[in-house]
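Enquirer: Sharing protein_30.cif here; it has mmCIF, C-alpha atoms and all ligand atoms.
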```cif
data_model
loop_
_atom_site.label_atom_id
_atom_site.label_comp_id
_atom_site.auth_asym_id
_atom_site.auth_seq_id
_atom_site.Cartn_x
_atom_site.Cartn_y
_atom_site.Cartn_z
CA MET W 41 36.52 6.28 -19.68
CA GLU W 42 34.87 5.53 -16.35
CA LYS W 43 33.07 2.32 -15.46
CA LEU W 44 30.74 2.11 -12.48
CA VAL W 45 31.12 -1.03 -10.37
CA TYR W 46 28.69 -1.77 -7.55
CA PHE W 47 30.30 -3.81 -4.80
CA ILE W 48 29.14 -5.89 -1.84
CA GLU W 49 31.76 -6.27 0.85
CA GLY W 50 30.45 -9.60 2.14
CA ASP W 51 30.55 -11.41 5.48
CA GLY W 52 33.37 -13.12 7.40
CA ILE W 53 36.64 -12.54 5.55
CA GLY W 54 34.85 -10.27 3.02
CA PRO W 55 36.08 -6.91 4.39
CA GLU W 56 39.70 -8.12 4.61
CA VAL W 57 39.88 -9.56 1.12
CA TRP W 58 38.30 -6.41 -0.31
CA ALA W 59 40.76 -4.15 1.50
CA ALA W 60 43.60 -6.13 -0.10
CA ALA W 61 42.01 -6.60 -3.54
CA ARG W 62 40.65 -3.23 -4.59
CA PRO W 63 43.95 -1.29 -4.54
CA VAL W 64 45.50 -4.00 -6.73
CA ILE W 65 42.72 -3.82 -9.32
CA ASP W 66 42.74 0.00 -9.33
CA GLY W 67 46.55 0.05 -9.36
CA ALA W 68 46.66 -2.12 -12.48
CA VAL W 69 44.15 0.12 -14.29
CA LYS W 70 46.18 3.21 -13.37
CA LYS W 71 49.45 1.60 -14.45
CA ALA W 72 48.00 0.43 -17.76
CA TYR W 73 46.04 3.53 -18.76
CA GLY W 74 47.00 6.45 -16.47
CA ASP W 75 43.89 8.58 -16.11
CA ALA W 76 42.35 7.47 -19.40
CA LYS W 77 40.41 4.60 -17.79
CA LYS W 78 39.04 4.29 -14.30
CA LEU W 79 36.76 2.09 -12.20
CA VAL W 80 34.30 3.98 -9.99
CA TRP W 81 33.27 1.83 -7.04
CA GLN W 82 29.94 2.22 -5.30
CA GLU W 83 29.10 0.13 -2.26
CA ILE W 84 25.74 -1.60 -1.96
CA LEU W 85 24.74 -3.53 1.14
CA ALA W 86 23.93 -7.21 1.63
CA GLY W 87 24.41 -9.79 4.39
CA GLU W 88 25.44 -9.02 7.95
CA LYS W 89 26.56 -5.45 7.25
CA ALA W 90 23.18 -4.72 5.68
CA VAL W 91 21.38 -6.17 8.71
CA ARG W 92 23.51 -3.98 11.01
CA GLU W 93 22.83 -0.83 9.02
CA THR W 94 19.29 -1.33 7.73
CA GLY W 95 17.77 -4.30 9.58
CA GLU W 96 17.41 -6.25 6.32
CA ASN W 97 19.86 -8.65 4.70
CA LEU W 98 19.06 -7.64 1.13
CA PRO W 99 17.72 -4.06 1.25
CA GLN W 100 15.54 -2.64 -1.51
CA ALA W 101 18.18 0.02 -2.27
CA THR W 102 20.61 -2.78 -3.21
CA MET W 103 18.08 -4.40 -5.50
CA ASP W 104 17.24 -1.04 -7.10
CA ALA W 105 20.91 -0.24 -7.77
CA LEU W 106 21.50 -3.65 -9.35
CA LYS W 107 18.46 -3.34 -11.61
CA GLY W 108 20.18 -1.01 -14.02
CA ALA W 109 23.73 -2.14 -13.34
CA GLU W 110 26.23 -3.44 -15.86
CA LEU W 111 29.01 -4.44 -13.46
CA ALA W 112 29.02 -5.63 -9.85
CA MET W 113 31.42 -7.52 -7.61
CA LYS W 114 30.90 -9.29 -4.32
CA GLY W 115 32.69 -10.89 -1.41
CA PRO W 116 31.24 -14.05 0.19
CA LEU W 117 27.85 -14.03 1.90
CA GLY W 118 27.05 -16.51 4.67
CA THR W 119 24.10 -18.90 4.49
CA PRO W 120 22.88 -21.01 7.41
CA VAL W 121 22.47 -24.69 6.44
CA GLY W 122 18.96 -26.17 6.58
CA LYS W 123 17.33 -23.26 8.44
CA GLY W 124 16.81 -19.51 8.43
CA PHE W 125 16.73 -17.32 5.36
CA ARG W 126 17.37 -18.49 1.84
CA SER W 127 20.85 -18.08 0.39
CA LEU W 128 21.40 -14.46 -0.65
CA ASN W 129 23.60 -15.73 -3.45
CA VAL W 130 20.80 -17.86 -4.84
CA THR W 131 18.30 -14.99 -4.44
CA LEU W 132 20.57 -12.57 -6.32
CA ARG W 133 21.10 -15.11 -9.10
CA GLN W 134 17.39 -15.70 -9.51
CA VAL W 135 16.11 -12.14 -9.17
CA PHE W 136 18.63 -10.78 -11.67
CA ASP W 137 18.46 -13.85 -13.89
CA LEU W 138 22.22 -14.39 -13.64
CA TYR W 139 21.87 -17.58 -15.60
CA ALA W 140 25.51 -18.31 -16.44
CA CYS W 141 28.11 -18.96 -13.77
CA ILE W 142 31.49 -18.85 -15.47
CA ARG W 143 34.68 -20.09 -13.85
CA PRO W 144 38.03 -20.28 -15.61
CA ILE W 145 40.37 -22.91 -14.14
CA LYS W 146 44.05 -22.59 -14.86
CA TYR W 147 47.18 -23.54 -12.98
CA PHE W 148 49.71 -21.11 -11.51
CA PRO W 149 53.22 -22.66 -11.66
CA GLY W 150 54.67 -23.31 -8.21
CA ILE W 151 51.51 -24.30 -6.37
CA GLU W 152 51.46 -27.83 -5.12
CA SER W 153 48.57 -29.76 -6.52
CA PRO W 154 47.11 -33.17 -5.66
CA VAL W 155 47.60 -34.30 -9.28
CA LYS W 156 50.77 -34.95 -11.30
CA HIS W 157 50.08 -32.53 -14.15
CA PRO W 158 47.96 -29.62 -13.00
CA GLU W 159 49.43 -27.53 -15.86
CA ARG W 160 47.33 -29.61 -18.26
CA VAL W 161 44.17 -28.05 -16.88
CA ASP W 162 42.95 -25.05 -18.86
CA MET W 163 39.17 -25.09 -18.74
CA VAL W 164 36.34 -22.63 -18.53
CA ILE W 165 33.22 -23.98 -16.83
CA PHE W 166 29.80 -22.55 -17.73
CA ARG W 167 27.28 -23.65 -15.11
CA GLU W 168 23.55 -23.09 -15.52
CA ASN W 169 22.53 -21.00 -12.55
CA THR W 170 18.77 -20.65 -12.31
CA GLU W 171 17.14 -24.05 -12.81
CA ASP W 172 17.66 -27.65 -11.68
CA VAL W 173 17.30 -28.74 -8.04
CA TYR W 174 18.59 -25.27 -7.06
CA ALA W 175 15.34 -23.65 -8.14
CA GLY W 176 14.34 -23.70 -4.47
CA ILE W 177 11.10 -25.65 -4.95
CA GLU W 178 11.08 -28.08 -2.05
CA TRP W 179 9.04 -29.19 0.94
CA ALA W 180 10.19 -30.68 4.23
CA ALA W 181 9.28 -34.29 5.06
CA GLY W 182 5.92 -34.78 6.72
CA THR W 183 4.59 -31.26 6.08
CA PRO W 184 1.05 -30.91 4.70
CA GLU W 185 2.58 -29.48 1.47
CA ALA W 186 4.95 -32.43 0.99
CA LYS W 187 2.15 -34.90 1.75
CA ARG W 188 -0.09 -33.22 -0.81
CA VAL W 189 2.58 -33.40 -3.50
CA VAL W 190 3.32 -37.04 -2.57
CA ALA W 191 -0.38 -37.91 -2.77
CA PHE W 192 -0.68 -36.26 -6.19
CA LEU W 193 2.40 -38.00 -7.56
CA ARG W 194 1.37 -41.35 -6.16
CA ASP W 195 -2.36 -41.35 -6.77
CA GLU W 196 -2.57 -39.42 -10.02
CA MET W 197 0.83 -39.96 -11.64
CA GLY W 198 1.52 -43.53 -10.53
CA ALA W 199 4.82 -42.74 -8.77
CA LYS W 200 6.06 -45.06 -6.03
CA LEU W 201 6.69 -42.77 -3.08
CA ASP W 202 6.88 -42.92 0.68
CA ASP W 203 4.31 -40.84 2.56
CA LEU W 204 7.03 -39.15 4.55
CA ALA W 205 9.36 -38.27 1.68
CA ALA W 206 10.87 -34.80 1.57
CA ILE W 207 10.28 -33.47 -1.91
CA GLY W 208 12.44 -31.32 -4.19
CA ILE W 209 11.63 -30.40 -7.78
CA LYS W 210 14.12 -30.31 -10.67
CA PRO W 211 12.81 -28.01 -13.41
CA MET W 212 14.85 -27.62 -16.61
CA THR W 213 13.69 -25.78 -19.70
CA GLU W 214 14.75 -25.73 -23.32
CA LYS W 215 15.17 -21.97 -23.09
CA GLY W 216 17.31 -22.19 -19.91
CA CYS W 217 19.54 -24.96 -21.23
CA LYS W 218 19.98 -23.44 -24.67
CA ARG W 219 20.91 -19.96 -23.50
CA LEU W 220 23.61 -21.38 -21.21
CA ALA W 221 25.03 -23.68 -23.89
CA ARG W 222 24.81 -20.82 -26.43
CA ARG W 223 26.83 -18.53 -24.22
CA ALA W 224 29.48 -21.22 -23.70
CA LEU W 225 29.65 -22.01 -27.40
CA LYS W 226 29.96 -18.33 -28.38
CA PHE W 227 32.81 -18.06 -25.91
CA ALA W 228 34.51 -21.15 -27.39
CA ILE W 229 34.21 -19.75 -30.92
CA ASP W 230 35.30 -16.19 -29.98
CA GLN W 231 38.26 -17.37 -27.91
CA LYS W 232 39.30 -19.93 -30.52
CA ARG W 233 38.90 -22.80 -28.08
CA PRO W 234 38.85 -26.29 -29.62
CA SER W 235 35.83 -27.86 -27.93
CA LEU W 236 32.60 -27.49 -26.00
CA THR W 237 31.66 -30.41 -23.75
CA LEU W 238 28.07 -30.77 -22.51
CA VAL W 239 28.23 -32.45 -19.09
CA HIS W 240 25.03 -34.08 -17.86
CA LYS W 241 23.54 -37.10 -16.09
CA GLY W 242 21.08 -37.86 -18.86
CA ASN W 243 21.51 -41.63 -18.60
CA ILE W 244 19.57 -41.51 -15.32
CA MET W 245 17.54 -38.29 -15.47
CA LYS W 246 16.42 -38.64 -19.05
CA PHE W 247 14.16 -35.64 -19.50
CA THR W 248 15.95 -33.03 -17.38
CA GLU W 249 19.66 -33.81 -17.77
CA GLY W 250 18.99 -35.65 -21.02
CA GLY W 251 17.13 -32.56 -22.20
CA PHE W 252 20.18 -30.44 -21.45
CA ARG W 253 22.28 -32.68 -23.70
CA ALA W 254 19.78 -32.82 -26.55
CA TRP W 255 19.02 -29.09 -26.51
CA GLY W 256 22.73 -28.28 -26.43
CA TYR W 257 23.43 -30.30 -29.57
CA GLU W 258 20.31 -28.94 -31.24
CA MET W 259 21.30 -25.32 -30.55
CA ALA W 260 24.88 -25.89 -31.74
CA ALA W 261 23.76 -27.44 -35.05
CA ALA W 262 20.96 -24.96 -35.71
CA GLU W 263 22.74 -21.74 -34.74
CA PHE W 264 26.46 -22.41 -35.16
CA GLY W 265 26.54 -25.23 -37.72
CA GLU W 266 29.30 -23.63 -39.79
CA PHE W 267 31.63 -23.48 -36.76
CA THR W 268 30.84 -26.75 -35.02
CA MET W 269 31.01 -30.48 -35.55
CA THR W 270 30.22 -33.50 -33.39
CA GLU W 271 32.84 -36.06 -32.37
CA ALA W 272 31.40 -38.49 -34.92
CA GLU W 273 31.69 -35.88 -37.70
CA ALA W 274 35.27 -35.12 -36.67
CA ALA W 275 36.09 -38.85 -36.80
CA GLU W 276 34.74 -38.91 -40.34
CA GLY W 277 37.17 -36.17 -41.32
CA ALA W 278 35.09 -32.99 -40.90
CA LYS W 279 37.20 -29.89 -40.25
CA LYS W 280 35.51 -27.12 -38.27
CA PRO W 281 36.83 -24.93 -35.43
CA VAL W 282 34.90 -26.35 -32.45
CA ILE W 283 34.02 -29.94 -31.56
CA VAL W 284 30.78 -30.22 -29.58
CA ASN W 285 30.73 -33.40 -27.49
CA ASP W 286 29.10 -34.60 -24.29
CA ARG W 287 30.11 -36.57 -21.23
CA ILE W 288 28.12 -38.13 -18.41
CA ALA W 289 28.95 -36.28 -15.19
CA ASP W 290 30.55 -39.16 -13.27
CA ALA W 291 32.75 -40.05 -16.25
CA MET W 292 33.68 -36.39 -16.59
CA PHE W 293 35.00 -36.34 -13.03
CA GLN W 294 37.37 -39.14 -14.05
CA GLU W 295 38.26 -37.44 -17.32
CA VAL W 296 39.30 -34.14 -15.73
CA LEU W 297 41.66 -36.05 -13.47
CA ILE W 298 43.10 -38.36 -16.11
CA ARG W 299 42.93 -36.40 -19.37
CA PRO W 300 42.24 -32.74 -18.53
CA GLU W 301 44.05 -31.55 -21.68
CA LYS W 302 41.22 -33.02 -23.77
CA TYR W 303 38.70 -30.54 -22.38
CA SER W 304 38.45 -26.81 -22.88
CA VAL W 305 35.00 -25.21 -22.51
CA VAL W 306 32.43 -27.07 -20.45
CA ALA W 307 28.69 -26.32 -20.25
CA THR W 308 26.75 -28.07 -17.53
CA THR W 309 23.66 -28.08 -15.34
CA ASN W 310 23.46 -26.35 -11.96
CA LEU W 311 24.29 -29.14 -9.49
CA ASN W 312 26.92 -30.82 -11.69
CA GLY W 313 28.50 -27.44 -12.26
CA ASP W 314 28.66 -26.66 -8.56
CA TYR W 315 30.60 -29.85 -7.90
CA ILE W 316 32.90 -29.82 -10.88
CA SER W 317 33.92 -26.16 -10.51
CA ASP W 318 35.11 -26.73 -6.96
CA ALA W 319 36.77 -30.06 -7.80
CA LEU W 320 38.72 -28.46 -10.62
CA ALA W 321 39.67 -25.47 -8.50
CA ALA W 322 41.11 -27.87 -5.93
CA GLN W 323 42.91 -29.78 -8.69
CA VAL W 324 44.93 -26.68 -9.62
CA GLY W 325 45.67 -25.59 -6.08
CA GLY W 326 42.73 -24.59 -4.02
CA LEU W 327 39.65 -22.51 -3.72
CA GLY W 328 41.38 -19.44 -2.36
CA LEU W 329 42.43 -18.52 -5.90
CA ALA W 330 39.38 -19.47 -7.97
CA PRO W 331 37.56 -16.53 -9.58
CA GLY W 332 34.06 -16.48 -11.00
CA VAL W 333 31.31 -14.42 -12.54
CA ASN W 334 27.54 -14.77 -12.73
CA MET W 335 26.00 -13.19 -15.80
CA SER W 336 22.63 -12.24 -17.18
CA ASP W 337 22.30 -10.73 -20.63
CA THR W 338 22.93 -7.27 -19.12
CA LEU W 339 24.67 -7.65 -15.73
CA ALA W 340 28.05 -9.27 -15.01
CA PHE W 341 28.36 -9.99 -11.28
CA PHE W 342 31.92 -11.00 -10.38
CA GLU W 343 32.58 -12.84 -7.14
CA ALA W 344 35.03 -14.56 -4.88
CA THR W 345 34.01 -18.21 -5.19
CA HIS W 346 34.93 -19.23 -1.63
CA GLY W 347 32.73 -18.76 1.41
CA THR W 348 33.03 -16.54 4.45
CA ALA W 349 35.72 -18.73 6.11
CA PRO W 350 34.47 -17.89 9.64
CA ALA W 351 37.37 -19.69 11.36
CA ILE W 352 39.92 -17.22 9.99
CA ALA W 353 37.77 -14.09 9.71
CA GLY W 354 39.39 -11.01 11.24
CA LYS W 355 42.79 -12.72 11.57
CA ASP W 356 44.50 -11.28 8.49
CA MET W 357 45.00 -14.84 7.19
CA ALA W 358 42.59 -14.93 4.24
CA ASN W 359 43.75 -15.21 0.67
CA PRO W 360 42.36 -12.30 -1.38
CA GLY W 361 43.39 -14.07 -4.61
CA SER W 362 39.92 -15.20 -5.63
CA LEU W 363 38.53 -11.67 -5.44
CA ILE W 364 41.61 -10.23 -7.15
CA LEU W 365 41.37 -12.72 -10.01
CA SER W 366 37.63 -12.03 -10.28
CA GLY W 367 38.77 -8.47 -10.80
CA THR W 368 40.97 -9.63 -13.68
CA MET W 369 37.94 -11.37 -15.19
CA MET W 370 36.08 -8.07 -14.98
CA LEU W 371 38.95 -6.23 -16.64
CA GLU W 372 38.99 -8.87 -19.42
CA HIS W 373 35.22 -8.54 -19.76
CA LEU W 374 35.68 -4.79 -20.27
CA GLY W 375 38.36 -5.47 -22.85
CA TRP W 376 40.96 -3.89 -20.53
CA HIS W 377 43.36 -6.72 -21.27
CA GLU W 378 46.57 -4.85 -20.40
CA ALA W 379 45.37 -4.18 -16.84
CA ALA W 380 44.14 -7.77 -16.47
CA GLY W 381 47.53 -9.03 -17.65
CA LEU W 382 49.34 -6.90 -15.06
CA VAL W 383 47.29 -8.34 -12.19
CA HIS W 384 47.70 -11.89 -13.42
CA ALA W 385 51.45 -11.46 -13.78
CA ALA W 386 51.70 -9.98 -10.26
CA VAL W 387 49.87 -12.99 -8.79
CA ALA W 388 52.10 -15.41 -10.72
CA LYS W 389 55.20 -13.54 -9.55
CA ALA W 390 54.17 -13.62 -5.86
CA ILE W 391 53.54 -17.34 -6.14
CA SER W 392 56.86 -18.07 -7.80
CA ALA W 393 58.60 -15.87 -5.19
CA ARG W 394 56.77 -18.02 -2.60
CA ARG W 395 55.32 -15.02 -0.78
CA VAL W 396 51.72 -16.06 -0.34
CA THR W 397 48.94 -16.34 2.24
CA VAL W 398 48.99 -19.27 4.65
CA ASP W 399 46.54 -21.46 2.69
CA LEU W 400 48.86 -21.38 -0.33
CA ALA W 401 52.06 -21.41 1.73
CA SER W 402 51.08 -24.84 3.01
CA GLN W 403 51.00 -25.97 -0.64
CA ILE W 404 54.32 -24.48 -1.73
CA GLU W 405 57.57 -25.88 -0.41
CA GLY W 406 59.77 -23.28 1.29
CA ALA W 407 57.09 -20.61 1.12
CA LYS W 408 56.90 -17.72 3.59
CA ALA W 409 53.34 -17.06 4.68
CA VAL W 410 52.30 -13.42 4.60
CA GLY W 411 49.08 -11.84 5.84
CA CYS W 412 46.13 -10.92 3.65
CA LYS W 413 47.06 -7.22 3.79
CA GLU W 414 50.72 -7.82 3.01
CA PHE W 415 49.86 -10.11 0.10
CA GLY W 416 47.83 -7.28 -1.41
CA GLU W 417 50.76 -4.90 -0.88
CA ILE W 418 53.20 -7.31 -2.53
CA LEU W 419 50.96 -7.52 -5.60
CA LEU W 420 50.51 -3.78 -5.71
CA GLY W 421 54.28 -3.29 -5.46
CA SER W 422 55.01 -5.63 -8.35
CA LEU W 423 52.44 -4.37 -10.87
P1 LIG G 1 34.41 -21.60 2.99
O1 LIG G 1 34.83 -21.38 1.59
O2 LIG G 1 34.06 -20.39 3.78
O3 LIG G 1 35.58 -22.36 3.76
C1 LIG G 1 36.09 -23.63 3.36
C2 LIG G 1 37.56 -23.75 3.81
O4 LIG G 1 38.38 -22.94 2.99
C3 LIG G 1 37.81 -23.27 5.24
O5 LIG G 1 38.85 -24.05 5.77
C4 LIG G 1 38.27 -21.84 5.02
O6 LIG G 1 39.07 -21.36 6.09
C5 LIG G 1 39.05 -21.95 3.72
N1 LIG G 1 39.00 -20.71 2.93
C6 LIG G 1 37.95 -20.24 2.22
N2 LIG G 1 38.25 -19.10 1.61
C7 LIG G 1 39.51 -18.83 1.92
C8 LIG G 1 40.40 -17.75 1.60
N3 LIG G 1 40.04 -16.74 0.81
N4 LIG G 1 41.66 -17.79 2.11
C9 LIG G 1 42.05 -18.80 2.90
N5 LIG G 1 41.27 -19.83 3.24
C10 LIG G 1 40.01 -19.84 2.77
O7 LIG G 1 33.21 -22.62 2.95
P2 LIG G 1 32.19 -23.08 4.11
O8 LIG G 1 32.92 -23.21 5.40
O9 LIG G 1 31.49 -24.24 3.54
O10 LIG G 1 31.12 -21.91 4.22
C11 LIG G 1 31.16 -20.86 5.16
C12 LIG G 1 30.02 -19.90 4.83
O11 LIG G 1 30.23 -19.30 3.54
C13 LIG G 1 28.64 -20.56 4.75
O12 LIG G 1 27.70 -19.70 5.36
C14 LIG G 1 28.38 -20.70 3.27
O13 LIG G 1 27.01 -20.69 2.96
C15 LIG G 1 29.06 -19.45 2.73
N6 LIG G 1 29.46 -19.57 1.32
C16 LIG G 1 29.29 -18.47 0.53
C17 LIG G 1 29.69 -18.49 -0.78
C18 LIG G 1 29.50 -17.26 -1.60
O14 LIG G 1 29.13 -16.23 -1.10
N7 LIG G 1 29.76 -17.31 -2.91
C19 LIG G 1 30.31 -19.68 -1.38
C20 LIG G 1 30.51 -20.77 -0.45
C21 LIG G 1 30.09 -20.69 0.85
#
```
Will you turn the file into structure tokens for me?
Expert:
Amino acid sequence: MEKLVYFIEGDGIGPEVWAAARPVIDGAVKKAYGDAKKLVWQEILAGEKAVRETGENLPQATMDALKGAELAMKGPLGTPVGKGFRSLNVTLRQVFDLYACIRPIKYFPGIESPVKHPERVDMVIFRENTEDVYAGIEWAAGTPEAKRVVAFLRDEMGAKLDDLAAIGIKPMTEKGCKRLARRALKFAIDQKRPSLTLVHKGNIMKFTEGGFRAWGYEMAAAEFGEFTMTEAEAAEGAKKPVIVNDRIADAMFQEVLIRPEKYSVVATTNLNGDYISDALAAQVGGLGLAPGVNMSDTLAFFEATHGTAPAIAGKDMANPGSLILSGTMMLEHLGWHEAAGLVHAAVAKAISARRVTVDLASQIEGAKAVGCKEFGEILLGSL
């Protein structure tokens, strides 16, 4: 069986981490299945490489290829802050309706962590990816557009607003919130996870974040009532496989530090999810290792979750672990569990042997730092 994977190399450290990662992913498939299963990689262009070769940062050919795609994988793409073109990542998410950003967070023994019990963290974060303040609807302070919106909100809607306010809009829909929570809940049920926690800031933003909470509970009760119970029902003695509860975002940041073992699958809104995914990744030992996927109902787009790391680009210092573990997520997604297990075990072995890239070496006592290329070779050799 062959599976076609479109890939974007990415900017900065992208080419280096790919060169290290792909042989490991392919090697695991070969080891697990011989010639019976195979990934067929096809490059598509985006970012700086696309500009060099086509003059555009997101060429039409890339968009056309992704339209019918089932699987894709990408390295990091750079985005200038506050100026220039819009984030390619955000554009890809919106155009292909990649509404669920899924990040598993689990500890690898041996990595130094800023907390006492990183091994208690075993969470999968589902972040809504298309709505919220990330929808890209905003106007700079003092522009005619911003002034017009301010005038409307003040004069017709009774809002108290400064003339010179910059304006951003936070749209959230029942459909958008429910499909994200549904996907997270299905995952919790399928994977026999004990709970789904809806994380929101509904105490302050009552209709947007509060809507997320209410729609999540509503969907769980209406569509998965036989599998789910609320915390209150559980306290009254109900026995069902998955508890659906909710936490306010600021409290959740405390909870994941103090009682991470109480949380398993988390569904949250776009901005909250951005913060909490990175905070949790740091809690178990850094962003260099955190994998992720963005999914629509048809396309699964796996990615390294870190950025382009310009300071170390081209120096053979980058950690390819995030891309490699995104590869294991893709193998799991395909049901190629044996190959995924081989990659995961190879990463765990390299960490316990303390042969890791410099970012991890600084977090592991007595570790010997190896280059990006060598790290890939070590993993390949121990599959
Ligand atoms: P960054 O993730 O590139 O770097 C943050 C820190 O982590 C730096 O010290 C960097 O050297 C280190 N780091 C990151 N990945 C690493 C790896 N694999 N191995 C070793 N060290 C690593 O974040 P930053 O500096 O905020 O962003 C740089 C550029 O990347 C920006 O243009 C930003 O928009 C873009 N970016 C792209 C993302 C994506 O494509 N998914 C995600 C985050 C940022």
Enquirer: Go ahead and compute the interatomic distance for CA of Ala385 (chain W) and CA of Ala407 (chain W), in Å to one decimal.
Expert: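 Here the two named atoms are 18.4 Å from each other.
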Enquirer: Counting only C-alpha atoms and all ligand atoms, what residues are within 9 Å of ligand LIG 1 (chain G), given as an NGL selection string?
Expert: :W and (50-54 or 57 or 114-121 or 127-129 or 326-329 or 343-353 or 357-363 or 397-400 or 412)
Enquirer: May I ask which of the residues W:Phe267, W:Phe247, W:Met113, W:Val155 is the closest one to Trp58 (chain W), counting only C-alpha atoms?
Expert: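 Of W:Phe267, W:Phe247, W:Met113, W:Val155, the one nearest Trp58 (chain W) is W:Met113, counting only C-alpha atoms.
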Enquirer: Using 12 Å as the limit and counting only C-alpha atoms, can you tabulate each residue of region 270-389 of chain W that touches region 210-215 of chain W, with its shortest atom-to-atom distance in Å and the two atoms involved, as CSV?
Expert:
```
residue,atom,partner,partner_atom,distance
W:Thr308,CA,W:Met212,CA,11.9
W:Thr309,CA,W:Met212,CA,8.9
W:Asn310,CA,W:Met212,CA,9.9
W:Leu311,CA,W:Lys210,CA,10.3
```
Enquirer: What's the 8 Å shell around Ser336 (chain W), counting only C-alpha atoms, without same-chain residues fewer than 3 positions away, as a list in words?
Expert: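 The filter keeps Phe136, Asp137, Leu138, Tyr139, Ala140, Leu339 and Ala340 of chain W.
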Enquirer: When you count all atoms listed in the file, which of these residues is closest to Trp81 (chain W): W:Leu423, W:Ile48, W:Ala322, W:Met103?
Expert: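 Of all the options, W:Ile48 lies closest to Trp81 (chain W).
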Enquirer: So that I can see what lies close to Leu320 (chain W), please list as an NGL selection string the residues with an atom at most 10 Å from it, counting all atoms listed in the file and leaving out residues fewer than 6 positions away in the same chain.
Expert: :W and (143-146 or 158 or 161-163 or 165 or 293 or 296-297 or 300 or 326-327 or 330)
Enquirer: Find, counting all atoms listed in the file, the residue in W:Pro55, W:Pro331, W:Gly381, W:Gly242 that gets nearest to Ile364 (chain W).
Expert: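 Using all atoms listed in the file, the shortest distance to Ile364 (chain W) belongs to W:Pro331.
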Enquirer: Could you tell me how far CA of Ala272 (chain W) lies from CA of Met245 (chain W), in Å and to one decimal?
Expert: 23.9 Å
Enquirer: Could you check which of W:Ala386, W:Leu44, W:Glu49, W:Thr131 is closest to Lys89 (chain W), using only C-alpha atoms?
Expert: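 Of W:Ala386, W:Leu44, W:Glu49, W:Thr131, the one nearest Lys89 (chain W), counting only C-alpha atoms, is W:Glu49.
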